[in-house]
>>> print(open('run-v1.cif').read())   # mmCIF, C-alpha atoms
data_run
#
loop_
_atom_site.label_atom_id
_atom_site.label_comp_id
_atom_site.auth_asym_id
_atom_site.auth_seq_id
_atom_site.Cartn_x
_atom_site.Cartn_y
_atom_site.Cartn_z
CA MET A 1134 16.66 -5.64 5.38
CA ILE A 1135 16.98 -2.87 2.80
CA LYS A 1136 14.60 0.08 2.99
CA LEU A 1137 13.61 1.64 -0.34
CA GLY A 1138 11.75 4.95 -0.53
CA LEU A 1139 9.18 5.58 -3.28
CA PRO A 1140 7.14 8.73 -3.91
CA ASN A 1141 3.65 8.24 -2.49
CA LYS A 1142 1.99 10.54 -5.02
CA GLY A 1143 2.73 13.01 -7.77
CA ARG A 1144 4.38 12.78 -11.17
CA LEU A 1145 7.00 10.20 -10.13
CA SER A 1146 4.80 7.81 -8.14
CA ASP A 1147 3.25 5.49 -10.75
CA LYS A 1148 6.43 5.12 -12.81
CA SER A 1149 8.49 4.35 -9.69
CA LEU A 1150 6.10 1.56 -8.73
CA GLU A 1151 6.08 0.27 -12.30
CA ILE A 1152 9.86 -0.08 -12.51
CA LEU A 1153 9.91 -1.81 -9.11
CA THR A 1154 7.31 -4.33 -10.31
CA ARG A 1155 9.06 -4.91 -13.63
CA ALA A 1156 12.27 -5.57 -11.72
CA GLY A 1157 10.51 -8.58 -10.18
CA PHE A 1158 9.78 -7.28 -6.69
CA CYS A 1159 6.33 -8.23 -5.39
CA ILE A 1160 4.74 -5.83 -2.96
CA GLN A 1161 1.16 -5.34 -1.85
CA THR A 1162 0.11 -1.71 -2.18
CA LYS A 1163 -3.01 -0.08 -0.82
CA GLU A 1164 -4.10 3.53 -0.69
CA ARG A 1165 -2.79 5.46 2.32
CA LYS A 1166 -0.43 2.64 3.20
CA LEU A 1167 2.85 4.07 4.46
CA SER A 1168 5.01 0.98 3.97
CA ALA A 1169 4.94 -2.52 2.53
CA PHE A 1170 7.20 -5.54 2.75
CA CYS A 1171 8.43 -7.21 -0.41
CA GLU A 1172 7.06 -10.75 -0.67
CA ASN A 1173 10.06 -12.23 -2.48
CA PHE A 1174 13.02 -10.17 -1.27
CA MET A 1175 14.47 -8.78 1.96
CA MET A 1176 13.20 -5.27 1.37
CA GLU A 1177 10.71 -2.84 2.90
CA VAL A 1178 9.21 -0.14 0.68
CA ILE A 1179 8.53 3.20 2.37
CA PHE A 1180 6.00 5.48 0.66
CA ALA A 1181 6.87 9.12 1.34
CA ARG A 1182 6.66 12.54 -0.25
CA ALA A 1183 9.20 12.87 -3.04
CA SER A 1184 10.53 15.99 -1.32
CA ASP A 1185 11.20 14.06 1.91
CA ILE A 1186 13.09 11.20 0.27
CA PRO A 1187 16.45 13.03 -0.18
CA ARG A 1188 16.64 13.82 3.54
CA PHE A 1189 15.58 10.29 4.52
CA ILE A 1190 18.41 8.91 2.38
CA GLN A 1191 21.05 11.30 3.71
CA GLU A 1192 20.11 10.59 7.33
CA GLY A 1193 20.13 6.82 6.77
CA ILE A 1194 16.42 6.40 7.50
CA ILE A 1195 16.19 4.59 4.17
CA ASP A 1196 18.99 3.00 2.16
CA LEU A 1197 17.76 3.71 -1.37
CA GLY A 1198 15.14 6.03 -2.81
CA ILE A 1199 13.61 7.25 -6.04
CA THR A 1200 13.12 10.99 -6.39
CA GLY A 1201 13.92 13.88 -8.71
CA GLN A 1202 17.34 15.43 -9.19
CA ASP A 1203 15.71 18.84 -8.71
CA LEU A 1204 14.70 18.01 -5.15
CA VAL A 1205 18.15 16.69 -4.23
CA SER A 1206 19.82 19.77 -5.69
CA GLU A 1207 17.40 22.24 -4.06
CA GLN A 1208 17.89 20.68 -0.63
CA GLY A 1209 21.65 20.30 -1.04
CA MET A 1210 21.55 16.73 0.23
CA GLU A 1211 24.71 14.61 0.18
CA VAL A 1212 23.42 11.43 -1.44
CA GLU A 1213 24.85 9.08 -4.07
CA GLN A 1214 23.16 9.03 -7.48
CA ILE A 1215 23.11 5.41 -8.64
CA LEU A 1216 20.91 5.31 -11.76
CA GLU A 1217 18.96 7.61 -14.03
CA LEU A 1218 15.62 5.85 -14.49
CA GLY A 1219 14.44 7.14 -17.86
CA PHE A 1220 11.35 9.03 -16.68
CA GLY A 1221 10.42 12.21 -14.84
CA GLN A 1222 12.23 14.43 -17.33
CA ALA A 1223 11.50 18.08 -16.60
CA GLU A 1224 13.12 21.50 -16.74
CA LEU A 1225 13.27 24.14 -14.07
CA VAL A 1226 12.60 27.34 -15.99
CA LEU A 1227 12.34 31.03 -15.35
CA ALA A 1228 9.07 32.15 -16.94
CA ALA A 1229 7.26 35.48 -17.23
CA PRO A 1230 4.01 36.82 -18.76
CA LYS A 1231 4.09 36.39 -22.54
CA ASP A 1232 3.92 40.14 -23.23
CA VAL A 1233 6.89 40.94 -20.96
CA ASP A 1234 9.70 43.20 -22.13
CA ARG A 1235 12.66 40.95 -21.33
CA GLU A 1236 15.26 43.71 -21.38
CA LYS A 1237 13.17 45.89 -19.08
CA LEU A 1238 12.40 42.96 -16.78
CA PHE A 1239 16.06 42.24 -16.03
CA SER A 1240 17.15 45.88 -15.86
CA ASN A 1241 15.63 46.19 -12.36
CA ARG A 1242 15.25 43.92 -9.36
CA VAL A 1243 13.02 41.03 -10.33
CA ARG A 1244 10.43 39.56 -7.99
CA ILE A 1245 10.49 35.81 -8.59
CA ALA A 1246 8.03 33.38 -7.01
CA THR A 1247 9.29 29.80 -6.71
CA ALA A 1248 9.32 26.59 -4.74
CA TYR A 1249 13.05 26.36 -5.56
CA PRO A 1250 14.61 29.37 -3.78
CA GLN A 1251 18.08 27.83 -3.38
CA ILE A 1252 18.57 26.90 -7.04
CA THR A 1253 17.03 30.20 -8.13
CA ALA A 1254 19.25 32.29 -5.86
CA LYS A 1255 22.44 30.56 -7.07
CA PHE A 1256 21.40 30.90 -10.72
CA CYS A 1257 20.50 34.59 -10.42
CA GLU A 1258 23.77 35.34 -8.62
CA ALA A 1259 25.75 33.61 -11.37
CA GLU A 1260 23.82 35.47 -14.08
CA GLY A 1261 24.04 38.82 -12.32
CA ILE A 1262 20.26 39.11 -11.93
CA GLN A 1263 19.09 41.18 -8.97
CA VAL A 1264 16.25 39.28 -7.39
CA ASP A 1265 13.73 39.35 -4.57
CA LEU A 1266 12.64 35.78 -3.94
CA ILE A 1267 9.08 34.95 -2.98
CA PRO A 1268 8.96 31.34 -1.70
CA MET A 1269 5.76 29.49 -2.63
CA SER A 1270 4.88 25.82 -2.20
CA GLY A 1271 2.21 25.58 -4.89
CA ALA A 1272 0.21 27.38 -7.60
CA VAL A 1273 3.35 29.34 -8.49
CA GLU A 1274 1.94 30.14 -11.96
CA LEU A 1275 -0.68 32.41 -10.39
CA ALA A 1276 1.86 34.73 -8.80
CA PRO A 1277 2.25 37.15 -11.79
CA LYS A 1278 -1.53 37.31 -12.31
CA LEU A 1279 -2.06 38.18 -8.67
CA GLY A 1280 0.66 40.82 -8.76
CA LEU A 1281 2.81 38.91 -6.28
CA ALA A 1282 5.76 38.51 -8.64
CA ASP A 1283 7.17 39.64 -11.98
CA ALA A 1284 8.24 36.13 -12.93
CA ILE A 1285 8.36 32.58 -11.64
CA VAL A 1286 10.78 29.68 -11.51
CA ASP A 1287 8.98 26.37 -11.74
CA LEU A 1288 9.35 22.82 -12.95
CA THR A 1289 7.76 21.97 -16.30
CA SER A 1290 7.73 18.86 -18.47
CA SER A 1291 5.50 19.90 -21.38
CA GLY A 1292 5.04 23.62 -20.84
CA GLU A 1293 1.27 23.23 -20.95
CA THR A 1294 0.66 24.75 -17.50
CA LEU A 1295 2.78 27.76 -18.45
CA ARG A 1296 0.81 28.28 -21.65
CA MET A 1297 -2.51 27.96 -19.81
CA ASN A 1298 -1.40 30.82 -17.54
CA ASP A 1299 -0.06 33.00 -20.39
CA LEU A 1300 3.56 32.49 -19.34
CA VAL A 1301 6.60 31.90 -21.54
CA PRO A 1302 9.93 30.34 -20.49
CA LEU A 1303 12.88 32.72 -20.70
CA MET A 1304 15.74 30.65 -19.24
CA THR A 1305 16.40 27.08 -18.18
CA LEU A 1306 18.00 26.82 -14.74
CA PHE A 1307 18.17 23.07 -14.27
CA GLU A 1308 17.32 19.81 -16.06
CA SER A 1309 15.91 17.08 -13.84
CA ARG A 1310 15.19 13.35 -14.08
CA ALA A 1311 13.98 10.67 -11.73
CA CYS A 1312 16.93 8.76 -10.29
CA LEU A 1313 17.70 6.00 -7.85
CA PHE A 1314 19.75 7.50 -5.01
CA ALA A 1315 21.58 5.79 -2.16
CA ASN A 1316 22.92 6.75 1.25
CA LYS A 1317 26.57 7.69 0.66
CA GLU A 1318 28.03 5.73 3.58
CA LYS A 1319 26.09 2.57 2.80
CA ALA A 1320 26.97 2.82 -0.89
CA LEU A 1321 30.68 3.07 -0.04
CA GLN A 1322 30.54 0.17 2.42
CA GLY A 1323 29.11 -2.17 -0.20
CA ASN A 1324 26.06 -4.30 0.41
CA LYS A 1325 25.19 -7.42 -1.58
CA THR A 1326 21.45 -6.96 -1.09
CA MET A 1327 21.64 -3.35 -2.26
CA ASP A 1328 23.72 -4.43 -5.26
CA GLN A 1329 21.08 -7.00 -6.21
CA ILE A 1330 18.37 -4.34 -6.16
CA VAL A 1331 20.46 -2.00 -8.31
CA MET A 1332 21.20 -4.80 -10.78
CA ALA A 1333 17.48 -5.61 -11.05
CA PHE A 1334 16.72 -1.96 -11.79
CA GLN A 1335 19.52 -1.87 -14.38
CA SER A 1336 18.11 -4.94 -16.11
CA VAL A 1337 14.75 -3.20 -16.52
CA LEU A 1338 16.35 -0.03 -17.88
CA MET A 1339 18.31 -2.03 -20.45
CA ALA A 1340 15.14 -3.88 -21.47
CA TYR A 1341 13.24 -0.63 -22.09
CA GLU A 1342 15.45 0.08 -25.10
CA LYS A 1343 15.50 -3.45 -26.56
CA LYS A 1344 13.24 -5.93 -28.36
CA PHE A 1345 13.63 -9.67 -28.93
CA LEU A 1346 13.34 -10.71 -32.57
CA ILE A 1347 12.78 -14.22 -33.91
CA ALA A 1348 12.65 -15.08 -37.62
CA ASN A 1349 13.21 -17.80 -40.21
CA LEU A 1350 16.07 -17.03 -42.61
CA PRO A 1351 17.44 -18.78 -45.70
CA GLN A 1352 20.77 -20.48 -44.94
CA LYS A 1353 22.37 -18.71 -47.90
CA SER A 1354 21.67 -15.32 -46.25
CA LEU A 1355 23.55 -16.10 -43.03
CA PRO A 1356 26.82 -14.42 -44.12
CA ASP A 1357 24.97 -11.08 -44.41
CA LEU A 1358 23.13 -11.40 -41.09
CA THR A 1359 25.65 -10.04 -38.59
CA ALA A 1360 25.99 -6.77 -40.51
CA ILE A 1361 22.28 -6.15 -39.92
CA VAL A 1362 21.73 -7.57 -36.43
CA PRO A 1363 24.96 -7.83 -34.41
CA GLY A 1364 22.98 -8.45 -31.19
CA LEU A 1365 24.58 -8.56 -27.76
CA SER A 1366 27.06 -11.29 -28.65
CA GLY A 1367 25.92 -12.03 -32.19
CA PRO A 1368 22.62 -13.61 -33.32
CA THR A 1369 21.65 -17.10 -32.20
CA VAL A 1370 21.17 -19.45 -35.15
CA MET A 1371 19.26 -22.76 -34.90
CA SER A 1372 18.32 -25.47 -37.36
CA ILE A 1373 14.71 -26.09 -38.36
CA LEU A 1374 13.53 -29.70 -38.38
CA GLY A 1375 13.18 -30.99 -41.93
CA ARG A 1376 14.40 -27.77 -43.59
CA GLU A 1377 17.99 -27.70 -44.72
CA ASP A 1378 17.42 -24.48 -46.66
CA LEU A 1379 16.14 -22.52 -43.64
CA CYS A 1380 17.37 -21.69 -40.15
CA ALA A 1381 15.83 -19.88 -37.20
CA ILE A 1382 17.47 -16.78 -35.77
CA GLN A 1383 17.06 -15.04 -32.42
CA VAL A 1384 18.51 -11.64 -31.68
CA VAL A 1385 18.16 -8.64 -29.36
CA ILE A 1386 17.75 -5.36 -31.24
CA ASN A 1387 17.45 -1.69 -30.32
CA THR A 1388 13.84 -0.53 -30.35
CA ARG A 1389 14.68 2.53 -32.45
CA GLU A 1390 16.26 0.33 -35.13
CA MET A 1391 13.39 -2.17 -35.32
CA ALA A 1392 11.71 -0.90 -38.52
CA HIS A 1393 15.05 -0.71 -40.35
CA VAL A 1394 16.14 -4.18 -39.19
CA ILE A 1395 12.86 -5.81 -40.22
CA ASN A 1396 13.10 -4.19 -43.67
CA GLN A 1397 16.67 -5.46 -44.12
CA LEU A 1398 15.75 -8.97 -42.98
CA LYS A 1399 12.88 -9.10 -45.48
CA ARG A 1400 15.36 -8.24 -48.20
CA LEU A 1401 17.41 -11.26 -47.14
CA GLY A 1402 14.33 -13.44 -47.49
CA ALA A 1403 13.34 -13.68 -43.81
CA SER A 1404 9.86 -14.87 -42.92
CA GLY A 1405 7.80 -15.50 -39.79
CA ILE A 1406 9.32 -12.44 -38.09
CA LEU A 1407 8.21 -12.09 -34.48
CA VAL A 1408 9.14 -9.15 -32.22
CA THR A 1409 8.41 -9.31 -28.48
CA HIS A 1410 8.98 -7.16 -25.39
CA ILE A 1411 11.80 -7.91 -22.96
CA GLU A 1412 10.98 -7.54 -19.26
CA GLN A 1413 14.56 -7.64 -18.02
CA LEU A 1414 17.95 -7.86 -19.67
CA VAL A 1415 21.06 -8.84 -17.73
CA PRO A 1416 24.17 -8.75 -19.95
#
>>> encode(input="run-v1.cif", output="structure tokens")
Amino acid sequence: MIKLGLPNKGRLSDKSLEILTRAGFCIQTKERKLSAFCENFMMEVIFARASDIPRFIQEGIIDLGITGQDLVSEQGMEVEQILELGFGQAELVLAAPKDVDREKLFSNRVRIATAYPQITAKFCEAEGIQVDLIPMSGAVELAPKLGLADAIVDLTSSGETLRMNDLVPLMTLFESRACLFANKEKALQGNKTMDQIVMAFQSVLMAYEKKFLIANLPQKSLPDLTAIVPGLSGPTVMSILGREDLCAIQVVINTREMAHVINQLKRLGASGILVTHIEQLVP
């Protein structure tokens, strides 16, 4: 049985559970529940702190896990990145009070408060910044206000928390995303059950970027169709009962191209255009 680790709370938790559900895995979740068995697959889901998941994967306690690239990098864990999951985008930035004199700040030793001392130390060494690190596990933004630090290094997705605390980003140290990671040894050995889970996740990621379009199209416009909607292997064309002048088309399109494609199809005389979501897409 495969063990999959999911964050039990925080910014990655809900999205991790969503992608698992969309991939077709049925699990019963309740608050404060530490684990749950999948009802339709040989898999146990372990709910843990996102920061614990990298170590659990490396030590083989779990086979697969969803967590942030920032946590894996900070801890220096030897795990295999399998998939970027399309959410949890954030930047690890060095930020200081908005009225700071940048040149003066970096001309002396800088006191930096952070929950990422390893990444910060490596970055400062590479940039030639003399630093005194002040490890903090939370409320890092308060450190300059309290006089504990001159600057901070913290993870931000929108920058709103920095602005609320009168801080401005000066440098980006690291860009992070939520990923599916695997134990290196088990990934190298190959496991059919693990491969099935990865394929299910991949099918959801592919579906995020696609829509399924159905429309009626004049037969005379068919020669111009493939230039507009090439699809995965070309559009599917079907006859319509009692209409020799019309045919029905089905095609998968990129979400970002949807407005343009619909406009082009209307120019070809298409009607009855229907666009629907795709839950999973396996090429």
>>> residues_around(input="run-v1.cif", residues="A:Pro1363", least_positions_apart="5", cutoff="8 Å", atoms="all atoms listed in the file", output="PyMOL selection string")
chain A and resi 1358+1368+1384
>>> residues_around(input="run-v1.cif", residues="A:Gln1335", least_positions_apart="6", cutoff="9 Å", atoms="all atoms listed in the file", output="PyMOL selection string")
chain A and resi 1156+1216+1218+1413-1415
>>> write_last_selection(input="run-v1.cif", atoms="C-alpha atoms", output="PDB file, in the frame of the given file")
ATOM      1  CA  ALA A1156      12.270  -5.570 -11.720  1.00  0.00           C
ATOM      2  CA  LEU A1216      20.910   5.310 -11.760  1.00  0.00           C
ATOM      3  CA  LEU A1218      15.620   5.850 -14.490  1.00  0.00           C
ATOM      4  CA  GLN A1413      14.560  -7.640 -18.020  1.00  0.00           C
ATOM      5  CA  LEU A1414      17.950  -7.860 -19.670  1.00  0.00           C
ATOM      6  CA  VAL A1415      21.060  -8.840 -17.730  1.00  0.00           C
TER       7      VAL A1415
END
>>> atom_distance(input="run-v1.cif", atom1="atom CA of A:Arg1182", atom2="atom CA of A:Phe1220")
17.4 Å
>>> atom_distance(input="run-v1.cif", atom1="atom CA of A:Thr1359", atom2="atom CA of A:Leu1379")
16.5 Å
>>> resolve_selection(input="run-v1.cif", expression="the PyMOL selection byres ((chain A and resi 1205) around 12)", output="ChimeraX atom specification")
/A:1183-1191,1198-1204,1206-1214,1249,1251-1252,1307,1309-1315
>>> atom_distance(input="run-v1.cif", atom1="atom CA of A:Ala1282", atom2="atom CA of A:Ala1246")
5.8 Å
>>> residues_around(input="run-v1.cif", residues="A:Pro1230", least_positions_apart="4", cutoff="7 Å", atoms="only C-alpha atoms", output="ChimeraX atom specification")
/A:1299-1301
>>> closest_residue(input="run-v1.cif", among="A:Asn1298, A:Pro1250, A:Arg1244, A:Lys1278", to="A:Ile1262", atoms="all atoms listed in the file")
A:Arg1244
>>> closest_residue(input="run-v1.cif", among="A:Met1176, A:Ala1229, A:Ile1194, A:Asp1378", to="A:Gly1280", atoms="all atoms listed in the file")
A:Ala1229
>>> resolve_selection(input="run-v1.cif", expression="the PyMOL selection byres ((chain A and resi 1398) around 10)", output="JSON list (two decimals) with C-alpha atoms, keeping the file's coordinate frame")
[["chain", "number", "residue", "atom", "x", "y", "z"],
["A", 1348, "ALA", "CA", 12.65, -15.08, -37.62],
["A", 1349, "ASN", "CA", 13.21, -17.80, -40.21],
["A", 1350, "LEU", "CA", 16.07, -17.03, -42.61],
["A", 1354, "SER", "CA", 21.67, -15.32, -46.25],
["A", 1357, "ASP", "CA", 24.97, -11.08, -44.41],
["A", 1358, "LEU", "CA", 23.13, -11.40, -41.09],
["A", 1361, "ILE", "CA", 22.28, -6.15, -39.92],
["A", 1362, "VAL", "CA", 21.73, -7.57, -36.43],
["A", 1393, "HIS", "CA", 15.05, -0.71, -40.35],
["A", 1394, "VAL", "CA", 16.14, -4.18, -39.19],
["A", 1395, "ILE", "CA", 12.86, -5.81, -40.22],
["A", 1396, "ASN", "CA", 13.10, -4.19, -43.67],
["A", 1397, "GLN", "CA", 16.67, -5.46, -44.12],
["A", 1399, "LYS", "CA", 12.88, -9.10, -45.48],
["A", 1400, "ARG", "CA", 15.36, -8.24, -48.20],
["A", 1401, "LEU", "CA", 17.41, -11.26, -47.14],
["A", 1402, "GLY", "CA", 14.33, -13.44, -47.49],
["A", 1403, "ALA", "CA", 13.34, -13.68, -43.81],
["A", 1404, "SER", "CA", 9.86, -14.87, -42.92],
["A", 1406, "ILE", "CA", 9.32, -12.44, -38.09]]
>>> residues_around(input="run-v1.cif", residues="A:Ile1285", least_positions_apart="5", cutoff="8 Å", atoms="all atoms listed in the file", output="PDB file with C-alpha atoms, in the coordinates of the input")
ATOM      1  CA  LEU A1227      12.340  31.030 -15.350  1.00  0.00           C
ATOM      2  CA  ALA A1228       9.070  32.150 -16.940  1.00  0.00           C
ATOM      3  CA  ALA A1229       7.260  35.480 -17.230  1.00  0.00           C
ATOM      4  CA  ILE A1245      10.490  35.810  -8.590  1.00  0.00           C
ATOM      5  CA  ALA A1246       8.030  33.380  -7.010  1.00  0.00           C
ATOM      6  CA  THR A1247       9.290  29.800  -6.710  1.00  0.00           C
ATOM      7  CA  VAL A1273       3.350  29.340  -8.490  1.00  0.00           C
ATOM      8  CA  GLU A1274       1.940  30.140 -11.960  1.00  0.00           C
ATOM      9  CA  ALA A1276       1.860  34.730  -8.800  1.00  0.00           C
ATOM     10  CA  PRO A1277       2.250  37.150 -11.790  1.00  0.00           C
TER      11      PRO A1277
END
>>> build_atoms(input="run-v1.cif", residues="stretch 1360-1375 of chain A", atoms="N, CA and C atoms", output="PDB file, keeping the file's coordinate frame")
ATOM      1  N   ALA A1360      25.875  -8.187 -40.165  1.00  0.00           N
ATOM      2  CA  ALA A1360      25.990  -6.770 -40.510  1.00  0.00           C
ATOM      3  C   ALA A1360      24.693  -6.020 -40.201  1.00  0.00           C
ATOM      4  N   ILE A1361      23.589  -6.762 -40.165  1.00  0.00           N
ATOM      5  CA  ILE A1361      22.280  -6.150 -39.920  1.00  0.00           C
ATOM      6  C   ILE A1361      21.918  -6.204 -38.448  1.00  0.00           C
ATOM      7  N   VAL A1362      22.125  -7.368 -37.825  1.00  0.00           N
ATOM      8  CA  VAL A1362      21.730  -7.570 -36.430  1.00  0.00           C
ATOM      9  C   VAL A1362      22.895  -8.158 -35.634  1.00  0.00           C
ATOM     10  N   PRO A1363      23.833  -7.306 -35.183  1.00  0.00           N
ATOM     11  CA  PRO A1363      24.960  -7.830 -34.410  1.00  0.00           C
ATOM     12  C   PRO A1363      24.548  -8.418 -33.073  1.00  0.00           C
ATOM     13  N   GLY A1364      23.435  -7.926 -32.476  1.00  0.00           N
ATOM     14  CA  GLY A1364      22.980  -8.450 -31.190  1.00  0.00           C
ATOM     15  C   GLY A1364      23.951  -8.147 -30.072  1.00  0.00           C
ATOM     16  N   LEU A1365      23.701  -8.769 -28.908  1.00  0.00           N
ATOM     17  CA  LEU A1365      24.580  -8.560 -27.760  1.00  0.00           C
ATOM     18  C   LEU A1365      25.912  -9.263 -27.959  1.00  0.00           C
ATOM     19  N   SER A1366      25.850 -10.512 -28.386  1.00  0.00           N
ATOM     20  CA  SER A1366      27.060 -11.290 -28.650  1.00  0.00           C
ATOM     21  C   SER A1366      26.941 -11.996 -29.989  1.00  0.00           C
ATOM     22  N   GLY A1367      26.188 -11.408 -30.905  1.00  0.00           N
ATOM     23  CA  GLY A1367      25.920 -12.030 -32.190  1.00  0.00           C
ATOM     24  C   GLY A1367      24.583 -12.750 -32.144  1.00  0.00           C
ATOM     25  N   PRO A1368      23.917 -12.917 -33.286  1.00  0.00           N
ATOM     26  CA  PRO A1368      22.620 -13.610 -33.320  1.00  0.00           C
ATOM     27  C   PRO A1368      22.765 -15.091 -33.014  1.00  0.00           C
ATOM     28  N   THR A1369      21.710 -15.657 -32.426  1.00  0.00           N
ATOM     29  CA  THR A1369      21.650 -17.100 -32.200  1.00  0.00           C
ATOM     30  C   THR A1369      21.022 -17.753 -33.430  1.00  0.00           C
ATOM     31  N   VAL A1370      21.653 -18.771 -33.940  1.00  0.00           N
ATOM     32  CA  VAL A1370      21.170 -19.450 -35.150  1.00  0.00           C
ATOM     33  C   VAL A1370      20.879 -20.907 -34.799  1.00  0.00           C
ATOM     34  N   MET A1371      19.669 -21.386 -35.200  1.00  0.00           N
ATOM     35  CA  MET A1371      19.260 -22.760 -34.900  1.00  0.00           C
ATOM     36  C   MET A1371      18.711 -23.407 -36.156  1.00  0.00           C
ATOM     37  N   SER A1372      18.843 -24.728 -36.218  1.00  0.00           N
ATOM     38  CA  SER A1372      18.320 -25.470 -37.360  1.00  0.00           C
ATOM     39  C   SER A1372      16.811 -25.649 -37.220  1.00  0.00           C
ATOM     40  N   ILE A1373      16.143 -25.839 -38.342  1.00  0.00           N
ATOM     41  CA  ILE A1373      14.710 -26.090 -38.360  1.00  0.00           C
ATOM     42  C   ILE A1373      14.485 -27.519 -38.838  1.00  0.00           C
ATOM     43  N   LEU A1374      13.744 -28.283 -38.080  1.00  0.00           N
ATOM     44  CA  LEU A1374      13.530 -29.700 -38.380  1.00  0.00           C
ATOM     45  C   LEU A1374      12.941 -29.879 -39.782  1.00  0.00           C
ATOM     46  N   GLY A1375      13.652 -30.656 -40.590  1.00  0.00           N
ATOM     47  CA  GLY A1375      13.180 -30.990 -41.930  1.00  0.00           C
ATOM     48  C   GLY A1375      13.433 -29.913 -42.970  1.00  0.00           C
TER      49      GLY A1375
END
